[in-house]
>>> print(open('upload-v4.txt').read())   # compact mmCIF, N, CA and C atoms
# COMPACT_ATOMS: atom_id res chain seq x y z
N MET A 775 -3.51 -5.59 13.47
CA MET A 775 -3.20 -5.86 12.09
C MET A 775 -1.84 -6.55 12.00
N ARG A 776 -1.71 -7.43 11.05
CA ARG A 776 -0.44 -8.09 10.79
C ARG A 776 0.16 -7.46 9.53
N LEU A 777 1.46 -7.23 9.55
CA LEU A 777 2.17 -6.66 8.42
C LEU A 777 3.41 -7.49 8.16
N ASP A 778 3.53 -8.00 6.95
CA ASP A 778 4.70 -8.78 6.56
C ASP A 778 5.35 -8.09 5.37
N LEU A 779 6.66 -8.21 5.28
CA LEU A 779 7.42 -7.62 4.17
C LEU A 779 7.98 -8.73 3.30
N LYS A 780 7.70 -8.62 2.00
CA LYS A 780 8.28 -9.53 1.02
C LYS A 780 9.11 -8.69 0.06
N GLN A 781 10.03 -9.33 -0.59
CA GLN A 781 10.87 -8.68 -1.59
C GLN A 781 10.75 -9.48 -2.88
N ARG A 782 10.52 -8.77 -3.98
CA ARG A 782 10.45 -9.47 -5.26
C ARG A 782 10.96 -8.54 -6.36
N SER A 783 12.00 -8.95 -7.04
CA SER A 783 12.58 -8.18 -8.14
C SER A 783 12.90 -6.75 -7.74
N GLY A 784 13.39 -6.59 -6.51
CA GLY A 784 13.75 -5.26 -6.03
C GLY A 784 12.57 -4.42 -5.58
N ILE A 785 11.40 -5.01 -5.53
CA ILE A 785 10.19 -4.31 -5.11
C ILE A 785 9.87 -4.77 -3.68
N ALA A 786 9.58 -3.80 -2.80
CA ALA A 786 9.14 -4.12 -1.44
C ALA A 786 7.63 -4.32 -1.48
N ILE A 787 7.16 -5.45 -0.98
CA ILE A 787 5.74 -5.75 -0.94
C ILE A 787 5.32 -5.87 0.52
N LEU A 788 4.50 -4.92 0.95
CA LEU A 788 3.97 -4.94 2.30
C LEU A 788 2.62 -5.66 2.26
N VAL A 789 2.56 -6.79 2.95
CA VAL A 789 1.34 -7.61 2.96
C VAL A 789 0.62 -7.33 4.28
N LEU A 790 -0.56 -6.70 4.16
CA LEU A 790 -1.32 -6.32 5.33
C LEU A 790 -2.49 -7.29 5.52
N ALA A 791 -2.82 -7.57 6.77
CA ALA A 791 -3.96 -8.42 7.08
C ALA A 791 -4.62 -7.91 8.35
N GLY A 792 -5.94 -7.84 8.31
CA GLY A 792 -6.68 -7.39 9.49
C GLY A 792 -7.38 -6.08 9.25
N ARG A 793 -7.25 -5.18 10.21
CA ARG A 793 -7.94 -3.89 10.18
C ARG A 793 -6.93 -2.76 10.06
N LEU A 794 -7.08 -1.96 9.02
CA LEU A 794 -6.23 -0.78 8.83
C LEU A 794 -7.04 0.42 9.31
N VAL A 795 -7.03 0.61 10.63
CA VAL A 795 -7.86 1.62 11.27
C VAL A 795 -7.04 2.38 12.31
N ASP A 796 -7.61 3.49 12.77
CA ASP A 796 -6.96 4.31 13.79
C ASP A 796 -6.57 3.46 14.99
N GLY A 797 -5.31 3.50 15.34
CA GLY A 797 -4.82 2.75 16.49
C GLY A 797 -4.51 1.30 16.21
N GLN A 798 -4.92 0.78 15.06
CA GLN A 798 -4.64 -0.61 14.69
C GLN A 798 -4.16 -0.64 13.26
N GLY A 799 -2.90 -0.60 13.06
CA GLY A 799 -2.38 -0.79 11.72
C GLY A 799 -1.86 0.44 11.03
N GLU A 800 -2.56 1.57 11.21
CA GLU A 800 -2.09 2.75 10.47
C GLU A 800 -0.69 3.16 10.92
N ARG A 801 -0.39 3.04 12.19
CA ARG A 801 0.94 3.38 12.69
C ARG A 801 1.98 2.37 12.18
N GLN A 802 1.61 1.09 12.16
CA GLN A 802 2.52 0.05 11.64
C GLN A 802 2.87 0.33 10.17
N LEU A 803 1.86 0.69 9.40
CA LEU A 803 2.10 0.99 7.99
C LEU A 803 3.05 2.17 7.84
N ARG A 804 2.80 3.25 8.56
CA ARG A 804 3.66 4.43 8.50
C ARG A 804 5.11 4.08 8.86
N GLU A 805 5.29 3.34 9.94
CA GLU A 805 6.64 2.98 10.38
C GLU A 805 7.34 2.08 9.35
N ALA A 806 6.62 1.13 8.79
CA ALA A 806 7.21 0.25 7.79
C ALA A 806 7.65 1.02 6.55
N VAL A 807 6.80 1.91 6.09
CA VAL A 807 7.15 2.71 4.90
C VAL A 807 8.32 3.63 5.21
N GLU A 808 8.36 4.20 6.38
CA GLU A 808 9.47 5.08 6.74
C GLU A 808 10.80 4.31 6.73
N VAL A 809 10.80 3.09 7.27
CA VAL A 809 12.01 2.26 7.26
C VAL A 809 12.44 1.97 5.82
N LEU A 810 11.47 1.64 4.97
CA LEU A 810 11.79 1.36 3.57
C LEU A 810 12.41 2.58 2.89
N VAL A 811 11.78 3.73 3.06
CA VAL A 811 12.28 4.96 2.42
C VAL A 811 13.67 5.32 2.94
N GLU A 812 13.86 5.22 4.23
CA GLU A 812 15.17 5.54 4.81
C GLU A 812 16.27 4.61 4.30
N SER A 813 15.89 3.40 3.92
CA SER A 813 16.88 2.46 3.40
C SER A 813 16.98 2.52 1.87
N GLY A 814 16.28 3.48 1.27
CA GLY A 814 16.37 3.67 -0.18
C GLY A 814 15.46 2.78 -1.00
N ARG A 815 14.57 2.09 -0.36
CA ARG A 815 13.64 1.20 -1.07
C ARG A 815 12.33 1.95 -1.31
N VAL A 816 12.21 2.50 -2.52
CA VAL A 816 11.08 3.39 -2.81
C VAL A 816 10.17 2.85 -3.90
N ARG A 817 10.31 1.59 -4.22
CA ARG A 817 9.36 0.91 -5.10
C ARG A 817 8.57 -0.03 -4.20
N VAL A 818 7.32 0.38 -3.91
CA VAL A 818 6.54 -0.28 -2.86
C VAL A 818 5.17 -0.68 -3.39
N VAL A 819 4.78 -1.90 -3.05
CA VAL A 819 3.43 -2.39 -3.30
C VAL A 819 2.81 -2.68 -1.94
N VAL A 820 1.61 -2.17 -1.73
CA VAL A 820 0.88 -2.48 -0.50
C VAL A 820 -0.24 -3.46 -0.86
N ASP A 821 -0.11 -4.68 -0.38
CA ASP A 821 -1.08 -5.74 -0.65
C ASP A 821 -2.20 -5.63 0.38
N LEU A 822 -3.37 -5.20 -0.10
CA LEU A 822 -4.52 -5.01 0.78
C LEU A 822 -5.50 -6.18 0.74
N SER A 823 -5.11 -7.29 0.12
CA SER A 823 -6.04 -8.41 -0.03
C SER A 823 -6.50 -8.98 1.31
N GLY A 824 -5.70 -8.83 2.34
CA GLY A 824 -6.08 -9.34 3.65
C GLY A 824 -6.69 -8.31 4.58
N VAL A 825 -6.87 -7.09 4.09
CA VAL A 825 -7.46 -6.03 4.92
C VAL A 825 -8.98 -6.12 4.81
N ARG A 826 -9.61 -6.36 5.94
CA ARG A 826 -11.07 -6.50 5.97
C ARG A 826 -11.77 -5.16 6.18
N VAL A 827 -11.14 -4.27 6.95
CA VAL A 827 -11.75 -2.99 7.31
C VAL A 827 -10.70 -1.90 7.20
N ILE A 828 -11.12 -0.75 6.64
CA ILE A 828 -10.26 0.42 6.58
C ILE A 828 -11.12 1.62 6.95
N ASP A 829 -10.57 2.53 7.76
CA ASP A 829 -11.31 3.75 8.12
C ASP A 829 -10.56 4.97 7.61
N SER A 830 -11.03 6.14 8.00
CA SER A 830 -10.42 7.38 7.50
C SER A 830 -8.96 7.51 7.92
N ALA A 831 -8.62 7.03 9.09
CA ALA A 831 -7.21 7.08 9.53
C ALA A 831 -6.36 6.16 8.67
N GLY A 832 -6.87 4.99 8.37
CA GLY A 832 -6.15 4.06 7.50
C GLY A 832 -5.99 4.61 6.10
N LEU A 833 -7.06 5.20 5.57
CA LEU A 833 -6.98 5.83 4.24
C LEU A 833 -5.99 6.97 4.24
N GLY A 834 -6.06 7.80 5.28
CA GLY A 834 -5.14 8.93 5.37
C GLY A 834 -3.70 8.48 5.43
N GLN A 835 -3.46 7.41 6.17
CA GLN A 835 -2.09 6.91 6.27
C GLN A 835 -1.61 6.32 4.95
N LEU A 836 -2.49 5.66 4.24
CA LEU A 836 -2.14 5.11 2.93
C LEU A 836 -1.75 6.24 1.97
N VAL A 837 -2.53 7.31 1.97
CA VAL A 837 -2.23 8.48 1.13
C VAL A 837 -0.92 9.13 1.57
N ALA A 838 -0.74 9.28 2.88
CA ALA A 838 0.49 9.89 3.40
C ALA A 838 1.72 9.05 3.03
N CYS A 839 1.58 7.74 3.09
CA CYS A 839 2.70 6.87 2.72
C CYS A 839 3.02 6.99 1.24
N ALA A 840 2.00 7.08 0.41
CA ALA A 840 2.23 7.26 -1.02
C ALA A 840 2.95 8.58 -1.28
N ARG A 841 2.57 9.62 -0.58
CA ARG A 841 3.25 10.91 -0.72
C ARG A 841 4.70 10.83 -0.27
N ARG A 842 4.93 10.14 0.84
CA ARG A 842 6.30 10.01 1.39
C ARG A 842 7.19 9.27 0.40
N VAL A 843 6.68 8.18 -0.14
CA VAL A 843 7.45 7.41 -1.12
C VAL A 843 7.68 8.25 -2.38
N GLY A 844 6.64 8.94 -2.83
CA GLY A 844 6.77 9.80 -4.02
C GLY A 844 7.78 10.91 -3.82
N ALA A 845 7.80 11.51 -2.63
CA ALA A 845 8.75 12.58 -2.34
C ALA A 845 10.19 12.07 -2.36
N ALA A 846 10.36 10.78 -2.13
CA ALA A 846 11.69 10.17 -2.15
C ALA A 846 12.05 9.68 -3.55
N GLY A 847 11.17 9.96 -4.53
CA GLY A 847 11.47 9.58 -5.91
C GLY A 847 10.93 8.23 -6.32
N GLY A 848 10.07 7.65 -5.51
CA GLY A 848 9.55 6.33 -5.81
C GLY A 848 8.07 6.33 -6.09
N SER A 849 7.48 5.16 -5.93
CA SER A 849 6.07 4.98 -6.21
C SER A 849 5.50 3.91 -5.29
N LEU A 850 4.28 4.15 -4.80
CA LEU A 850 3.57 3.19 -3.98
C LEU A 850 2.31 2.78 -4.74
N LYS A 851 2.13 1.48 -4.91
CA LYS A 851 1.00 0.95 -5.66
C LYS A 851 0.21 0.00 -4.77
N VAL A 852 -1.05 -0.20 -5.10
CA VAL A 852 -1.95 -1.00 -4.28
C VAL A 852 -2.28 -2.30 -5.00
N LEU A 853 -2.27 -3.37 -4.22
CA LEU A 853 -2.55 -4.70 -4.76
C LEU A 853 -3.84 -5.25 -4.16
N HIS A 854 -4.73 -5.66 -5.00
CA HIS A 854 -5.93 -6.45 -4.73
C HIS A 854 -6.68 -6.09 -3.45
N PRO A 855 -7.21 -4.86 -3.37
CA PRO A 855 -8.05 -4.55 -2.22
C PRO A 855 -9.38 -5.31 -2.30
N GLN A 856 -9.88 -5.74 -1.16
CA GLN A 856 -11.18 -6.41 -1.13
C GLN A 856 -12.27 -5.42 -1.55
N GLU A 857 -13.40 -5.94 -1.96
CA GLU A 857 -14.48 -5.09 -2.47
C GLU A 857 -14.90 -4.02 -1.46
N ARG A 858 -15.01 -4.39 -0.21
CA ARG A 858 -15.41 -3.43 0.83
C ARG A 858 -14.38 -2.30 0.94
N VAL A 859 -13.10 -2.63 0.91
CA VAL A 859 -12.05 -1.62 0.99
C VAL A 859 -12.06 -0.74 -0.26
N THR A 860 -12.26 -1.34 -1.41
CA THR A 860 -12.33 -0.56 -2.66
C THR A 860 -13.48 0.44 -2.60
N ARG A 861 -14.63 0.01 -2.08
CA ARG A 861 -15.78 0.93 -1.97
C ARG A 861 -15.47 2.11 -1.06
N VAL A 862 -14.84 1.84 0.08
CA VAL A 862 -14.49 2.91 1.01
C VAL A 862 -13.49 3.87 0.35
N MET A 863 -12.50 3.33 -0.35
CA MET A 863 -11.53 4.18 -1.04
C MET A 863 -12.21 5.01 -2.12
N ASP A 864 -13.19 4.44 -2.80
CA ASP A 864 -13.91 5.15 -3.85
C ASP A 864 -14.77 6.26 -3.27
N VAL A 865 -15.54 5.95 -2.23
CA VAL A 865 -16.41 6.95 -1.59
C VAL A 865 -15.58 8.12 -1.05
N ALA A 866 -14.42 7.81 -0.49
CA ALA A 866 -13.54 8.85 0.06
C ALA A 866 -12.74 9.58 -1.02
N LYS A 867 -12.92 9.15 -2.25
CA LYS A 867 -12.27 9.76 -3.41
C LYS A 867 -10.74 9.66 -3.38
N VAL A 868 -10.22 8.61 -2.77
CA VAL A 868 -8.77 8.39 -2.78
C VAL A 868 -8.36 7.30 -3.77
N LEU A 869 -9.32 6.52 -4.25
CA LEU A 869 -9.00 5.43 -5.17
C LEU A 869 -8.25 5.92 -6.41
N PRO A 870 -8.65 7.05 -7.03
CA PRO A 870 -7.92 7.51 -8.23
C PRO A 870 -6.46 7.91 -7.97
N ARG A 871 -6.08 8.08 -6.73
CA ARG A 871 -4.70 8.46 -6.40
C ARG A 871 -3.71 7.30 -6.56
N PHE A 872 -4.24 6.09 -6.69
CA PHE A 872 -3.40 4.90 -6.68
C PHE A 872 -3.53 4.10 -7.97
N GLU A 873 -2.41 3.50 -8.36
CA GLU A 873 -2.47 2.44 -9.36
C GLU A 873 -2.85 1.19 -8.59
N VAL A 874 -3.91 0.52 -9.03
CA VAL A 874 -4.43 -0.65 -8.34
C VAL A 874 -4.30 -1.85 -9.27
N PHE A 875 -3.77 -2.94 -8.74
CA PHE A 875 -3.53 -4.15 -9.52
C PHE A 875 -4.23 -5.33 -8.87
N GLU A 876 -4.63 -6.27 -9.70
CA GLU A 876 -5.31 -7.47 -9.21
C GLU A 876 -4.33 -8.60 -8.90
N THR A 877 -3.16 -8.60 -9.54
CA THR A 877 -2.19 -9.66 -9.28
C THR A 877 -0.83 -9.06 -8.91
N GLU A 878 -0.09 -9.82 -8.14
CA GLU A 878 1.24 -9.40 -7.74
C GLU A 878 2.15 -9.27 -8.97
N ASP A 879 2.01 -10.19 -9.92
CA ASP A 879 2.82 -10.13 -11.14
C ASP A 879 2.62 -8.81 -11.87
N GLU A 880 1.36 -8.37 -12.00
CA GLU A 880 1.07 -7.10 -12.68
C GLU A 880 1.65 -5.92 -11.92
N ALA A 881 1.51 -5.94 -10.61
CA ALA A 881 2.02 -4.84 -9.79
C ALA A 881 3.54 -4.74 -9.91
N VAL A 882 4.23 -5.85 -9.81
CA VAL A 882 5.70 -5.85 -9.91
C VAL A 882 6.14 -5.43 -11.31
N ALA A 883 5.48 -5.95 -12.33
CA ALA A 883 5.84 -5.61 -13.71
C ALA A 883 5.62 -4.14 -14.00
N SER A 884 4.67 -3.50 -13.34
CA SER A 884 4.38 -2.09 -13.60
C SER A 884 5.55 -1.17 -13.27
N PHE A 885 6.43 -1.60 -12.40
CA PHE A 885 7.57 -0.76 -12.04
C PHE A 885 8.59 -0.67 -13.16
N SER A 886 8.64 -1.65 -14.03
CA SER A 886 9.60 -1.59 -15.14
C SER A 886 9.20 -0.50 -16.13
N ASP A 887 7.93 -0.06 -16.06
CA ASP A 887 7.46 1.01 -16.93
C ASP A 887 7.54 2.38 -16.28
N SER A 888 7.92 2.44 -15.01
CA SER A 888 7.95 3.71 -14.28
C SER A 888 9.14 4.55 -14.72
N ALA A 889 8.86 5.75 -15.16
CA ALA A 889 9.92 6.65 -15.60
C ALA A 889 10.83 7.04 -14.45
N GLY A 890 12.10 7.02 -14.69
CA GLY A 890 13.08 7.48 -13.72
C GLY A 890 13.39 6.50 -12.61
N ILE A 891 12.76 5.36 -12.60
CA ILE A 891 13.03 4.38 -11.56
C ILE A 891 13.63 3.16 -12.21
N PRO A 892 14.87 2.83 -11.88
CA PRO A 892 15.53 1.68 -12.52
C PRO A 892 14.92 0.36 -12.11
>>> encode(input="upload-v4.txt", output="structure tokens")
Amino acid sequence: MRLDLKQRSGIAILVLAGRLVDGQGERQLREAVEVLVESGRVRVVVDLSGVRVIDSAGLGQLVACARRVGAAGGSLKVLHPQERVTRVMDVAKVLPRFEVFETEDEAVASFSDSAGIP
């Protein structure tokens, strides 16, 4: 999996591409989120538009990352998951745990409405 970090209006945007599965990507995601949280960057968008496949390990890591960011006083939001990924998240009943946005503009703008986060 490829993971790139973008910054926009003080929001960290993790752009993932490839497979978010056990042994491929889930560890990269965890490490990237940990670095962000340790540096005080707790407004995070995970762009899943390039993720073709996600498994239970990938889902678990996504949930764990959202919890880690939340525990640090922030929020992790999901951007434009592909239909296949959305179905897997729905079947696993993790989709309702996330705010999901179709555009980067909407995801970034949503943070201005977040209580307690400047």
>>> closest_atom_pairs(input="upload-v4.txt", of="range 811-877 of chain A", to="range 792-799 of chain A", cutoff="6.5 Å", atoms="all atoms listed in the file", output="tab-separated table")
residue	atom	partner	partner_atom	distance
A:Gly824	C	A:Gly792	N	3.8
A:Val825	CA	A:Gly792	N	4.1
A:Arg826	N	A:Gly792	C	4.0
A:Val827	C	A:Leu794	N	4.1
A:Ile828	CA	A:Leu794	C	4.2
A:Asp829	N	A:Leu794	C	4.4
A:Ser830	N	A:Val795	CA	6.4
A:Ala831	CA	A:Asp796	N	4.9
A:Gly832	CA	A:Leu794	C	4.2
A:Leu833	N	A:Leu794	C	6.1
>>> axis_aligned_box(input="upload-v4.txt", around="range 804-820 of chain A", padding_each_side="6 Å", output="JSON")
{"center_x": 8.4, "center_y": 1.0, "center_z": 2.6, "size_x": 29.2, "size_y": 21.0, "size_z": 27.5}
>>> select_by_dssp(input="upload-v4.txt", residues="range 825-892 of chain A", states="strand (DSSP E)", output="PyMOL selection string")
chain A and resi 825-828+849-853+874-875
>>> closest_residue(input="upload-v4.txt", among="A:Lys867, A:Arg801, A:Val816, A:Val809", to="Gly784 in chain A", atoms="all atoms listed in the file")
A:Val816
>>> select_by_dssp(input="upload-v4.txt", residues="range 826-879 of chain A", states="alpha helix (DSSP H)", output="number ranges by chain")
A: 830-845, 857-865, 878-879
>>> residues_near_point(input="upload-v4.txt", point="(-5.6, -8.3, -1.8)", cutoff="8 Å", atoms="only C-alpha atoms", output="JSON, numbers by chain")
{"A": [821, 822, 823, 824, 825, 853, 854, 855, 856, 876]}
>>> atom_distance(input="upload-v4.txt", atom1="atom C of Ala791 in chain A", atom2="CA of Ser886 in chain A")
28.2 Å
>>> atom_distance(input="upload-v4.txt", atom1="atom C of Gly814 in chain A", atom2="atom N of Pro870 in chain A")
25.2 Å
>>> atom_distance(input="upload-v4.txt", atom1="atom N of Leu788 in chain A", atom2="CA of Glu805 in chain A")
12.5 Å
>>> residues_around(input="upload-v4.txt", residues="Val819 in chain A", least_positions_apart="3", cutoff="6 Å", atoms="only C-alpha atoms", output="ChimeraX atom specification")
/A:787,850-852
>>> write_last_selection(input="upload-v4.txt", atoms="N, CA and C atoms", output="PDB file, in the frame of the given file")
ATOM      1  N   ILE A 787       7.160  -5.450  -0.980  1.00  0.00           N
ATOM      2  CA  ILE A 787       5.740  -5.750  -0.940  1.00  0.00           C
ATOM      3  C   ILE A 787       5.320  -5.870   0.520  1.00  0.00           C
ATOM      4  N   LEU A 850       4.280   4.150  -4.800  1.00  0.00           N
ATOM      5  CA  LEU A 850       3.570   3.190  -3.980  1.00  0.00           C
ATOM      6  C   LEU A 850       2.310   2.780  -4.740  1.00  0.00           C
ATOM      7  N   LYS A 851       2.130   1.480  -4.910  1.00  0.00           N
ATOM      8  CA  LYS A 851       1.000   0.950  -5.660  1.00  0.00           C
ATOM      9  C   LYS A 851       0.210   0.000  -4.770  1.00  0.00           C
ATOM     10  N   VAL A 852      -1.050  -0.200  -5.100  1.00  0.00           N
ATOM     11  CA  VAL A 852      -1.950  -1.000  -4.280  1.00  0.00           C
ATOM     12  C   VAL A 852      -2.280  -2.300  -5.000  1.00  0.00           C
TER      13      VAL A 852
END
>>> closest_residue(input="upload-v4.txt", among="A:Met863, A:Val868, A:Val820, A:Arg804", to="Arg842 in chain A", atoms="only C-alpha atoms")
A:Arg804
>>> closest_residue(input="upload-v4.txt", among="A:Leu803, A:Val837, A:Val818, A:Val874", to="Ile785 in chain A", atoms="only C-alpha atoms")
A:Val818
>>> closest_residue(input="upload-v4.txt", among="A:Gln835, A:Ser849, A:Ser783, A:Ser813", to="Glu800 in chain A", atoms="only C-alpha atoms")
A:Gln835
>>> build_atoms(input="upload-v4.txt", residues="range 846-869 of chain A", atoms="N, CA, C and O atoms", output="mmCIF file, keeping the file's coordinate frame")
data_model
loop_
_atom_site.group_PDB
_atom_site.id
_atom_site.type_symbol
_atom_site.label_atom_id
_atom_site.label_comp_id
_atom_site.auth_asym_id
_atom_site.auth_seq_id
_atom_site.Cartn_x
_atom_site.Cartn_y
_atom_site.Cartn_z
ATOM 1 N N ALA A 846 10.360 10.780 -2.130
ATOM 2 C CA ALA A 846 11.690 10.170 -2.150
ATOM 3 C C ALA A 846 12.050 9.680 -3.550
ATOM 4 O O ALA A 846 13.077 9.027 -3.740
ATOM 5 N N GLY A 847 11.170 9.960 -4.530
ATOM 6 C CA GLY A 847 11.470 9.580 -5.910
ATOM 7 C C GLY A 847 10.930 8.230 -6.320
ATOM 8 O O GLY A 847 11.287 7.714 -7.378
ATOM 9 N N GLY A 848 10.070 7.650 -5.510
ATOM 10 C CA GLY A 848 9.550 6.330 -5.810
ATOM 11 C C GLY A 848 8.070 6.330 -6.090
ATOM 12 O O GLY A 848 7.474 7.354 -6.425
ATOM 13 N N SER A 849 7.480 5.160 -5.930
ATOM 14 C CA SER A 849 6.070 4.980 -6.210
ATOM 15 C C SER A 849 5.500 3.910 -5.290
ATOM 16 O O SER A 849 6.148 2.899 -5.035
ATOM 17 N N LEU A 850 4.280 4.150 -4.800
ATOM 18 C CA LEU A 850 3.570 3.190 -3.980
ATOM 19 C C LEU A 850 2.310 2.780 -4.740
ATOM 20 O O LEU A 850 1.543 3.641 -5.176
ATOM 21 N N LYS A 851 2.130 1.480 -4.910
ATOM 22 C CA LYS A 851 1.000 0.950 -5.660
ATOM 23 C C LYS A 851 0.210 0.000 -4.770
ATOM 24 O O LYS A 851 0.739 -0.527 -3.789
ATOM 25 N N VAL A 852 -1.050 -0.200 -5.100
ATOM 26 C CA VAL A 852 -1.950 -1.000 -4.280
ATOM 27 C C VAL A 852 -2.280 -2.300 -5.000
ATOM 28 O O VAL A 852 -2.540 -2.316 -6.199
ATOM 29 N N LEU A 853 -2.270 -3.370 -4.220
ATOM 30 C CA LEU A 853 -2.550 -4.700 -4.760
ATOM 31 C C LEU A 853 -3.840 -5.250 -4.160
ATOM 32 O O LEU A 853 -4.010 -5.279 -2.946
ATOM 33 N N HIS A 854 -4.730 -5.660 -5.000
ATOM 34 C CA HIS A 854 -5.930 -6.450 -4.730
ATOM 35 C C HIS A 854 -6.680 -6.090 -3.450
ATOM 36 O O HIS A 854 -6.828 -6.917 -2.536
ATOM 37 N N PRO A 855 -7.210 -4.860 -3.370
ATOM 38 C CA PRO A 855 -8.050 -4.550 -2.220
ATOM 39 C C PRO A 855 -9.380 -5.310 -2.300
ATOM 40 O O PRO A 855 -9.908 -5.512 -3.397
ATOM 41 N N GLN A 856 -9.880 -5.740 -1.160
ATOM 42 C CA GLN A 856 -11.180 -6.410 -1.130
ATOM 43 C C GLN A 856 -12.270 -5.420 -1.550
ATOM 44 O O GLN A 856 -12.091 -4.208 -1.470
ATOM 45 N N GLU A 857 -13.400 -5.940 -1.960
ATOM 46 C CA GLU A 857 -14.480 -5.090 -2.470
ATOM 47 C C GLU A 857 -14.900 -4.020 -1.460
ATOM 48 O O GLU A 857 -15.097 -2.857 -1.817
ATOM 49 N N ARG A 858 -15.010 -4.390 -0.210
ATOM 50 C CA ARG A 858 -15.410 -3.430 0.830
ATOM 51 C C ARG A 858 -14.380 -2.300 0.940
ATOM 52 O O ARG A 858 -14.743 -1.127 1.052
ATOM 53 N N VAL A 859 -13.100 -2.630 0.910
ATOM 54 C CA VAL A 859 -12.050 -1.620 0.990
ATOM 55 C C VAL A 859 -12.060 -0.740 -0.260
ATOM 56 O O VAL A 859 -11.928 0.487 -0.155
ATOM 57 N N THR A 860 -12.260 -1.340 -1.410
ATOM 58 C CA THR A 860 -12.330 -0.560 -2.660
ATOM 59 C C THR A 860 -13.480 0.440 -2.600
ATOM 60 O O THR A 860 -13.322 1.597 -2.996
ATOM 61 N N ARG A 861 -14.630 0.010 -2.080
ATOM 62 C CA ARG A 861 -15.780 0.930 -1.970
ATOM 63 C C ARG A 861 -15.470 2.110 -1.060
ATOM 64 O O ARG A 861 -15.791 3.253 -1.369
ATOM 65 N N VAL A 862 -14.840 1.840 0.080
ATOM 66 C CA VAL A 862 -14.490 2.910 1.010
ATOM 67 C C VAL A 862 -13.490 3.870 0.350
ATOM 68 O O VAL A 862 -13.638 5.090 0.447
ATOM 69 N N MET A 863 -12.500 3.330 -0.350
ATOM 70 C CA MET A 863 -11.530 4.180 -1.040
ATOM 71 C C MET A 863 -12.210 5.010 -2.120
ATOM 72 O O MET A 863 -11.863 6.186 -2.312
ATOM 73 N N ASP A 864 -13.190 4.440 -2.800
ATOM 74 C CA ASP A 864 -13.910 5.150 -3.850
ATOM 75 C C ASP A 864 -14.770 6.260 -3.270
ATOM 76 O O ASP A 864 -14.747 7.396 -3.745
ATOM 77 N N VAL A 865 -15.540 5.950 -2.230
ATOM 78 C CA VAL A 865 -16.410 6.950 -1.590
ATOM 79 C C VAL A 865 -15.580 8.120 -1.050
ATOM 80 O O VAL A 865 -15.971 9.281 -1.154
ATOM 81 N N ALA A 866 -14.420 7.810 -0.490
ATOM 82 C CA ALA A 866 -13.540 8.850 0.060
ATOM 83 C C ALA A 866 -12.740 9.580 -1.020
ATOM 84 O O ALA A 866 -11.978 10.488 -0.727
ATOM 85 N N LYS A 867 -12.920 9.150 -2.250
ATOM 86 C CA LYS A 867 -12.270 9.760 -3.410
ATOM 87 C C LYS A 867 -10.740 9.660 -3.380
ATOM 88 O O LYS A 867 -10.039 10.519 -3.908
ATOM 89 N N VAL A 868 -10.220 8.610 -2.770
ATOM 90 C CA VAL A 868 -8.770 8.390 -2.780
ATOM 91 C C VAL A 868 -8.360 7.300 -3.770
ATOM 92 O O VAL A 868 -7.190 7.197 -4.110
ATOM 93 N N LEU A 869 -9.320 6.520 -4.250
ATOM 94 C CA LEU A 869 -9.000 5.430 -5.170
ATOM 95 C C LEU A 869 -8.250 5.920 -6.410
ATOM 96 O O LEU A 869 -7.250 5.302 -6.812
#
